[in-house]
Amino acid sequence: MLVVQKFGGTSVGDLDRIQNVANRVAKTKDEGNDVVVVVSAMSGETNKLVEYAEHFSKNPARAEMDMLLSSGERVTASLLSIALQEMGYDSVAMTGRKAGIRTNKLHTKARIEDINPDTMQSYIKEGKIIVVAGFQGVNENGDVTTLGRGGSDLSAVAIAGALKADLCEIYTDVTGIYTTDPRIEPKAKKLERISYDEMLELASLGAKVLQNRSVEMAKKLNVNLVTRSSFSDEEGTLITKEENIMEEPLVSGIALDRNQARISLAGVKDRPGIASEIFNKLAVAEVNVDMIIQNKAVDDTTNIDFTVPVSDLNDAKAVVDTFIENGEIKSDSYNDDICKVSVVGIGMKSHAGVAATAFSTMAQNNININMISTSEIKVSMVIDEKYAELAVRSLHDAYELEK
Ligand code: ADP
Ligand code: ASP
Ligand code: MG
């Protein structure tokens with residue numbers, strides 16, 4: 001079998017843990033498999049590098065950020081390969097570039113355009129264990145790029161797809177995918193299987209256990225994806241096609257996203273085309289707009305509120321400023337003390353009343369809902385951040401997910 005194993009930050013968090021990972025990789029190799037390993041930076045390392053940059057600048061150049069941030073993964077890849085070699089294994093550490101990962105130019109959230117697997121394949125043929133630095137690629141100018149926070153998951157899935165691996169294992173600090181973040185709700189239940197679509201929804205709505213683009217790619221390339229713990233041998237969760245799931249529960253999980261900010265625009269000129277201009281410019285600036293609310297116009301002006309990830313706030317402000325300067329928007333304000341809680345489930349497609357339960361659960365707990373959005377398989381609510389955990393636990397209770 002060809003197995004891709006990805007180890008997240010906590011799993012390589014110190015030197016003993018890197019040794020632990022080396023032992024696990026060695027065991028997989030001893031069992032007769034070809035192994036390609038993808039590693040994250042040691043836990044906390046990427047955040048530390050971001051803070052170093054912010055010491056000098058509030059808005060550091062993205063290309064320099066990528067040079068900086070990609071270094072964390074190179075440290076772990078090299079150390080793991082050194083540990084494996086010391087154990088007598090033939091291994092080789094490589095950067096994203098050497099692994100053939102080519103991305104677009106969008107620094108700090110680049111998209112993978114293609115992977116040339118030739119180098120990896122020739123090493124595999126020689127029987128080598130490959131250790132790839134996750135989270136990074138190279139653009140057409142030869143500059144190093146990174147794939148967005150949590151992006152080592154994407155590296156692993158994309159490599160598994162390019163190499164047509166039999167299995168892609170994501171090793172992390174929990175034993176699988178749970179009905180909600182087990183650190184918030186200890187009663188959360190581990191799922192044996194979950195469909196790509198539900199996992200994609202959970203990940204996109206804040207469940208950081210898998211990066212959302214990695215799930216999207218796993219679905220597209222039909223990668224056999226398993227999430228499990230690097231600290232135990234417990235079986236993990238299989239992320240798979242909907243048809244492989246026996247029973248579809250009404251609700252499969254609750255997601256929480258604390259990294260959302262609300263932007264309120266007041267005195268927006270009420271004329272045809274204004275919304276399209278604002279949101280087009282935001283899209284060009286790669287700002288990820290989620291929920292949007294526009295109020296009824298009074299005296300030819302209206303108010304528009306929308307949410308964006310906190311990390312896109314600076315870019316969004318820059319766009320809004322251009323409209324304030326030309327007088328099309330009177331003023332703006334920002335609130336990042338909000339969060340988004342979401343209820344996700346494929347079974348919702350055919351059942352009414354799921355959203356109503358979510359709203360009444362908030363009401364019973366005296367939590368005010370600021371914004372709502374729904375789709376076929378989710379209900380999302382923006383609430384004050386201070387109610388985040390209460391909301392998650394009471395929704396988990398309301399849908400009886402512990403059963
Ligand atoms: P890694 O460093 O291995 O990539 P992450 O910190 O990115 O790990 O993701 C693992 C974390 O995701 C867990 O520690 C857990 O707190 C969180 N998490 C959020 N939602 C879920 C969920 N539904 N199931 C499991 N873990 C979840
Ligand atoms: N080290 C990067 C991050 O912290 C990528 C990853 O861990 O997946 O976001
Ligand atoms: Mg992660």
# chains A, B, ... in the order shown; residues from 1 in each chain; ligands from 1
call {"tool": "residues_near_ligand", "arguments": {"ligand": "ligand 2", "cutoff": "8 Å", "atoms": "only C-alpha atoms and all ligand atoms", "output": "number ranges by chain"}}
result
A: 8-9, 39-47, 69-70, 72-73, 134-135, 147-154, 211
call {"tool": "residues_near_ligand", "arguments": {"ligand": "ligand 1", "cutoff": "8 Å", "atoms": "only C-alpha atoms and all ligand atoms", "output": "mmCIF file with N, CA and C atoms, in the first residue's frame"}}
result
data_model
loop_
_atom_site.group_PDB
_atom_site.id
_atom_site.type_symbol
_atom_site.label_atom_id
_atom_site.label_comp_id
_atom_site.auth_asym_id
_atom_site.auth_seq_id
_atom_site.Cartn_x
_atom_site.Cartn_y
_atom_site.Cartn_z
ATOM 1 N N PHE A 7 1.057 14.673 10.010
ATOM 2 C CA PHE A 7 1.097 14.902 11.459
ATOM 3 C C PHE A 7 0.987 16.386 11.750
ATOM 4 N N GLY A 8 -0.018 16.754 12.546
ATOM 5 C CA GLY A 8 -0.285 18.153 12.873
ATOM 6 C C GLY A 8 0.635 18.683 13.971
ATOM 7 N N GLY A 9 0.467 19.964 14.261
ATOM 8 C CA GLY A 9 1.363 20.682 15.174
ATOM 9 C C GLY A 9 1.574 20.032 16.536
ATOM 10 N N THR A 10 0.488 19.610 17.181
ATOM 11 C CA THR A 10 0.630 19.009 18.509
ATOM 12 C C THR A 10 1.391 17.686 18.419
ATOM 13 N N SER A 11 1.164 16.962 17.336
ATOM 14 C CA SER A 11 1.791 15.648 17.162
ATOM 15 C C SER A 11 3.304 15.751 16.978
ATOM 16 N N SER A 40 3.366 19.345 9.827
ATOM 17 C CA SER A 40 3.117 20.744 10.180
ATOM 18 C C SER A 40 4.319 21.283 10.939
ATOM 19 N N SER A 43 3.724 22.854 17.281
ATOM 20 C CA SER A 43 2.551 23.651 17.672
ATOM 21 C C SER A 43 2.989 25.005 18.245
ATOM 22 N N GLY A 150 -3.758 26.071 8.645
ATOM 23 C CA GLY A 150 -4.234 24.687 8.644
ATOM 24 C C GLY A 150 -3.921 23.963 7.337
ATOM 25 N N SER A 152 -1.488 22.353 5.983
ATOM 26 C CA SER A 152 -0.772 21.080 5.821
ATOM 27 C C SER A 152 -1.744 19.945 5.523
ATOM 28 N N ASP A 153 -2.975 20.063 5.993
ATOM 29 C CA ASP A 153 -3.988 19.052 5.648
ATOM 30 C C ASP A 153 -4.144 18.996 4.134
ATOM 31 N N ILE A 170 -4.763 11.534 8.549
ATOM 32 C CA ILE A 170 -4.472 12.815 9.190
ATOM 33 C C ILE A 170 -4.360 12.565 10.694
ATOM 34 N N TYR A 171 -3.134 12.617 11.205
ATOM 35 C CA TYR A 171 -2.920 12.386 12.640
ATOM 36 C C TYR A 171 -2.983 13.711 13.391
ATOM 37 N N THR A 172 -3.826 13.727 14.432
ATOM 38 C CA THR A 172 -3.975 14.976 15.177
ATOM 39 C C THR A 172 -4.066 14.682 16.671
ATOM 40 N N ASP A 173 -4.620 15.608 17.451
ATOM 41 C CA ASP A 173 -4.625 15.431 18.906
ATOM 42 C C ASP A 173 -5.987 14.989 19.442
ATOM 43 N N VAL A 174 -6.905 14.616 18.560
ATOM 44 C CA VAL A 174 -8.172 13.998 18.969
ATOM 45 C C VAL A 174 -8.331 12.708 18.157
ATOM 46 N N THR A 175 -9.200 11.795 18.623
ATOM 47 C CA THR A 175 -9.223 10.462 18.017
ATOM 48 C C THR A 175 -10.094 10.382 16.757
ATOM 49 N N GLY A 176 -10.631 11.495 16.317
ATOM 50 C CA GLY A 176 -11.435 11.458 15.099
ATOM 51 C C GLY A 176 -12.301 12.706 14.999
ATOM 52 N N ILE A 177 -13.319 12.606 14.124
ATOM 53 C CA ILE A 177 -14.281 13.695 13.978
ATOM 54 C C ILE A 177 -15.416 13.440 14.967
ATOM 55 N N TYR A 178 -15.720 14.425 15.764
ATOM 56 C CA TYR A 178 -16.777 14.317 16.773
ATOM 57 C C TYR A 178 -18.000 15.138 16.365
ATOM 58 N N THR A 179 -19.100 14.900 17.084
ATOM 59 C CA THR A 179 -20.331 15.641 16.795
ATOM 60 C C THR A 179 -20.168 17.138 17.070
ATOM 61 N N THR A 180 -19.204 17.505 17.889
ATOM 62 C CA THR A 180 -18.773 18.892 17.998
ATOM 63 C C THR A 180 -17.389 18.876 18.625
ATOM 64 N N ASP A 181 -16.744 20.035 18.738
ATOM 65 C CA ASP A 181 -15.400 20.085 19.316
ATOM 66 C C ASP A 181 -15.413 19.478 20.725
ATOM 67 N N PRO A 182 -14.743 18.332 20.914
ATOM 68 C CA PRO A 182 -14.775 17.661 22.228
ATOM 69 C C PRO A 182 -14.140 18.501 23.337
ATOM 70 N N ARG A 183 -13.395 19.529 22.966
ATOM 71 C CA ARG A 183 -12.828 20.408 24.007
ATOM 72 C C ARG A 183 -13.878 21.360 24.555
ATOM 73 N N ILE A 184 -14.959 21.551 23.799
ATOM 74 C CA ILE A 184 -16.037 22.425 24.271
ATOM 75 C C ILE A 184 -17.129 21.581 24.925
ATOM 76 N N LYS A 190 -17.792 10.453 19.022
ATOM 77 C CA LYS A 190 -16.953 10.248 17.831
ATOM 78 C C LYS A 190 -17.752 9.568 16.727
ATOM 79 N N LEU A 202 -18.835 21.316 7.974
ATOM 80 C CA LEU A 202 -18.312 21.517 9.335
ATOM 81 C C LEU A 202 -16.987 22.283 9.284
ATOM 82 N N ALA A 203 -16.110 21.868 8.370
ATOM 83 C CA ALA A 203 -14.788 22.502 8.293
ATOM 84 C C ALA A 203 -14.915 23.954 7.844
ATOM 85 N N GLY A 206 -15.955 26.271 10.650
ATOM 86 C CA GLY A 206 -15.100 26.532 11.808
ATOM 87 C C GLY A 206 -14.504 25.324 12.510
ATOM 88 N N ALA A 207 -14.938 24.107 12.190
ATOM 89 C CA ALA A 207 -14.357 22.937 12.863
ATOM 90 C C ALA A 207 -12.948 22.717 12.318
ATOM 91 N N LYS A 208 -11.944 23.218 13.025
ATOM 92 C CA LYS A 208 -10.616 23.295 12.412
ATOM 93 C C LYS A 208 -9.902 21.948 12.360
ATOM 94 N N VAL A 209 -10.576 20.881 12.779
ATOM 95 C CA VAL A 209 -9.938 19.571 12.775
ATOM 96 C C VAL A 209 -9.456 19.182 11.374
ATOM 97 N N LEU A 210 -10.132 19.660 10.332
ATOM 98 C CA LEU A 210 -9.619 19.529 8.961
ATOM 99 C C LEU A 210 -9.776 20.873 8.254
ATOM 100 N N GLN A 211 -8.791 21.254 7.483
ATOM 101 C CA GLN A 211 -8.913 22.492 6.722
ATOM 102 C C GLN A 211 -9.948 22.284 5.610
ATOM 103 N N GLY A 253 -23.557 17.349 13.257
ATOM 104 C CA GLY A 253 -22.621 18.043 14.132
ATOM 105 C C GLY A 253 -22.899 19.526 14.295
ATOM 106 N N ILE A 254 -22.213 20.099 15.294
ATOM 107 C CA ILE A 254 -22.307 21.531 15.572
ATOM 108 C C ILE A 254 -20.907 22.121 15.384
ATOM 109 N N ALA A 255 -20.806 23.201 14.620
ATOM 110 C CA ALA A 255 -19.505 23.838 14.413
ATOM 111 C C ALA A 255 -19.505 25.235 15.016
ATOM 112 N N LEU A 256 -18.328 25.654 15.443
ATOM 113 C CA LEU A 256 -18.177 26.992 16.027
ATOM 114 C C LEU A 256 -17.034 27.700 15.321
#
call {"tool": "residues_around", "arguments": {"residues": "Thr357 of chain A", "least_positions_apart": "4", "cutoff": "8 Å", "atoms": "only C-alpha atoms", "output": "list in words"}}
result
Gly353, Thr361 and Ala398 of chain A
call {"tool": "atom_distance", "arguments": {"atom1": "atom CA of Ile101 of chain A", "atom2": "atom CA of Ala61 of chain A"}}
result
22.2 Å
call {"tool": "select_by_dssp", "arguments": {"residues": "segment 6-239 of chain A", "states": "helix (DSSP H, G or I)", "output": "PyMOL selection string"}}
result
chain A and resi 10-12+15-30+45-56+62-86+118-125+152-162+196-204+212-221
call {"tool": "closest_residue", "arguments": {"among": "A:Met87, A:Arg213, A:Lys128, A:Asn224", "to": "ligand 3", "atoms": "only C-alpha atoms and all ligand atoms"}}
result
A:Arg213
call {"tool": "residues_around", "arguments": {"residues": "Leu106 of chain A", "least_positions_apart": "4", "cutoff": "9 Å", "atoms": "only C-alpha atoms", "output": "PyMOL selection string"}}
result
chain A and resi 62-63+110-111+139+145-147
call {"tool": "write_last_selection", "arguments": {"atoms": "N, CA, C and O atoms", "output": "PDB file, in the first residue's frame"}}
result
ATOM      1  N   ARG A  62       2.941  40.137   1.974  1.00  0.00           N
ATOM      2  CA  ARG A  62       2.541  38.726   2.015  1.00  0.00           C
ATOM      3  C   ARG A  62       3.627  37.789   1.500  1.00  0.00           C
ATOM      4  O   ARG A  62       3.721  36.652   1.946  1.00  0.00           O
ATOM      5  N   ALA A  63       4.418  38.257   0.558  1.00  0.00           N
ATOM      6  CA  ALA A  63       5.488  37.391   0.045  1.00  0.00           C
ATOM      7  C   ALA A  63       6.508  37.129   1.156  1.00  0.00           C
ATOM      8  O   ALA A  63       7.002  36.008   1.300  1.00  0.00           O
ATOM      9  N   ALA A 110      -2.544  30.671  -0.958  1.00  0.00           N
ATOM     10  CA  ALA A 110      -2.408  30.204  -2.343  1.00  0.00           C
ATOM     11  C   ALA A 110      -3.204  28.932  -2.580  1.00  0.00           C
ATOM     12  O   ALA A 110      -3.437  28.147  -1.666  1.00  0.00           O
ATOM     13  N   ARG A 111      -3.624  28.756  -3.817  1.00  0.00           N
ATOM     14  CA  ARG A 111      -4.306  27.527  -4.216  1.00  0.00           C
ATOM     15  C   ARG A 111      -3.338  26.631  -4.978  1.00  0.00           C
ATOM     16  O   ARG A 111      -2.550  27.128  -5.788  1.00  0.00           O
ATOM     17  N   ASN A 139       5.170  29.331  -6.583  1.00  0.00           N
ATOM     18  CA  ASN A 139       4.379  29.881  -7.694  1.00  0.00           C
ATOM     19  C   ASN A 139       5.227  29.959  -8.959  1.00  0.00           C
ATOM     20  O   ASN A 139       6.399  29.589  -8.962  1.00  0.00           O
ATOM     21  N   THR A 145       5.079  29.939  -1.520  1.00  0.00           N
ATOM     22  CA  THR A 145       3.742  30.392  -1.119  1.00  0.00           C
ATOM     23  C   THR A 145       3.250  29.488   0.010  1.00  0.00           C
ATOM     24  O   THR A 145       3.751  28.369   0.170  1.00  0.00           O
ATOM     25  N   THR A 146       2.290  29.975   0.788  1.00  0.00           N
ATOM     26  CA  THR A 146       1.650  29.091   1.776  1.00  0.00           C
ATOM     27  C   THR A 146       0.167  28.976   1.468  1.00  0.00           C
ATOM     28  O   THR A 146      -0.411  29.807   0.765  1.00  0.00           O
ATOM     29  N   LEU A 147      -0.441  27.938   2.034  1.00  0.00           N
ATOM     30  CA  LEU A 147      -1.768  27.489   1.587  1.00  0.00           C
ATOM     31  C   LEU A 147      -2.904  27.895   2.522  1.00  0.00           C
ATOM     32  O   LEU A 147      -3.975  27.303   2.468  1.00  0.00           O
TER      33      LEU A 147
END
call {"tool": "decode", "arguments": {"residues": "segment 37-48 of chain A", "atoms": "all heavy atoms", "output": "mmCIF file, in the first residue's frame"}}
result
data_model
loop_
_atom_site.group_PDB
_atom_site.id
_atom_site.type_symbol
_atom_site.label_atom_id
_atom_site.label_comp_id
_atom_site.auth_asym_id
_atom_site.auth_seq_id
_atom_site.Cartn_x
_atom_site.Cartn_y
_atom_site.Cartn_z
ATOM 1 N N VAL A 37 5.266 11.138 4.244
ATOM 2 C CA VAL A 37 4.841 11.841 5.449
ATOM 3 C C VAL A 37 4.740 13.330 5.140
ATOM 4 O O VAL A 37 5.570 13.867 4.398
ATOM 5 C CB VAL A 37 5.859 11.623 6.595
ATOM 6 C CG1 VAL A 37 5.336 12.198 7.892
ATOM 7 C CG2 VAL A 37 6.177 10.147 6.759
ATOM 8 N N VAL A 38 3.713 13.971 5.674
ATOM 9 C CA VAL A 38 3.582 15.423 5.552
ATOM 10 C C VAL A 38 3.524 15.970 6.972
ATOM 11 O O VAL A 38 2.777 15.453 7.807
ATOM 12 C CB VAL A 38 2.298 15.812 4.787
ATOM 13 C CG1 VAL A 38 2.114 17.324 4.764
ATOM 14 C CG2 VAL A 38 2.342 15.263 3.360
ATOM 15 N N VAL A 39 4.336 16.982 7.264
ATOM 16 C CA VAL A 39 4.334 17.517 8.640
ATOM 17 C C VAL A 39 3.970 18.991 8.690
ATOM 18 O O VAL A 39 4.241 19.758 7.777
ATOM 19 C CB VAL A 39 5.703 17.334 9.329
ATOM 20 C CG1 VAL A 39 5.926 15.886 9.713
ATOM 21 C CG2 VAL A 39 6.826 17.862 8.468
ATOM 22 N N SER A 40 3.366 19.345 9.827
ATOM 23 C CA SER A 40 3.117 20.744 10.180
ATOM 24 C C SER A 40 4.319 21.283 10.939
ATOM 25 O O SER A 40 5.207 20.519 11.332
ATOM 26 C CB SER A 40 1.922 20.850 11.133
ATOM 27 O OG SER A 40 0.727 20.621 10.477
ATOM 28 N N ALA A 41 4.288 22.566 11.213
ATOM 29 C CA ALA A 41 5.259 23.171 12.133
ATOM 30 C C ALA A 41 4.935 22.708 13.551
ATOM 31 O O ALA A 41 3.802 22.298 13.833
ATOM 32 C CB ALA A 41 5.172 24.680 12.036
ATOM 33 N N MET A 42 5.913 22.749 14.448
ATOM 34 C CA MET A 42 5.657 22.417 15.853
ATOM 35 C C MET A 42 4.580 23.367 16.387
ATOM 36 O O MET A 42 4.536 24.532 15.996
ATOM 37 C CB MET A 42 6.950 22.572 16.666
ATOM 38 C CG MET A 42 8.018 21.576 16.243
ATOM 39 S SD MET A 42 9.677 22.011 16.803
ATOM 40 C CE MET A 42 9.715 21.199 18.394
ATOM 41 N N SER A 43 3.724 22.854 17.281
ATOM 42 C CA SER A 43 2.551 23.651 17.672
ATOM 43 C C SER A 43 2.989 25.005 18.245
ATOM 44 O O SER A 43 3.945 25.110 19.002
ATOM 45 C CB SER A 43 1.689 22.905 18.684
ATOM 46 O OG SER A 43 2.442 22.602 19.809
ATOM 47 N N GLY A 44 2.282 26.040 17.868
ATOM 48 C CA GLY A 44 2.585 27.388 18.344
ATOM 49 C C GLY A 44 3.622 28.105 17.497
ATOM 50 O O GLY A 44 3.762 29.333 17.571
ATOM 51 N N GLU A 45 4.339 27.354 16.669
ATOM 52 C CA GLU A 45 5.466 27.939 15.923
ATOM 53 C C GLU A 45 4.980 28.962 14.888
ATOM 54 O O GLU A 45 5.528 30.057 14.783
ATOM 55 C CB GLU A 45 6.235 26.803 15.243
ATOM 56 C CG GLU A 45 7.655 27.135 14.892
ATOM 57 C CD GLU A 45 8.484 27.587 16.091
ATOM 58 O OE1 GLU A 45 8.252 27.094 17.229
ATOM 59 O OE2 GLU A 45 9.343 28.448 15.891
ATOM 60 N N THR A 46 3.936 28.590 14.131
ATOM 61 C CA THR A 46 3.449 29.503 13.088
ATOM 62 C C THR A 46 2.920 30.794 13.715
ATOM 63 O O THR A 46 3.216 31.896 13.241
ATOM 64 C CB THR A 46 2.365 28.808 12.230
ATOM 65 O OG1 THR A 46 2.875 27.542 11.805
ATOM 66 C CG2 THR A 46 2.003 29.630 11.016
ATOM 67 N N ASN A 47 2.190 30.651 14.832
ATOM 68 C CA ASN A 47 1.690 31.856 15.518
ATOM 69 C C ASN A 47 2.845 32.724 15.999
ATOM 70 O O ASN A 47 2.777 33.954 15.933
ATOM 71 C CB ASN A 47 0.839 31.465 16.735
ATOM 72 C CG ASN A 47 -0.509 30.921 16.302
ATOM 73 O OD1 ASN A 47 -0.934 31.126 15.172
ATOM 74 N ND2 ASN A 47 -1.179 30.220 17.202
ATOM 75 N N LYS A 48 3.892 32.086 16.489
ATOM 76 C CA LYS A 48 5.046 32.843 16.988
ATOM 77 C C LYS A 48 5.676 33.642 15.850
ATOM 78 O O LYS A 48 5.999 34.822 16.015
ATOM 79 C CB LYS A 48 6.070 31.872 17.597
ATOM 80 C CG LYS A 48 7.117 32.546 18.453
ATOM 81 C CD LYS A 48 8.118 31.537 19.005
ATOM 82 C CE LYS A 48 9.192 31.262 17.965
ATOM 83 N NZ LYS A 48 10.111 30.179 18.366
#
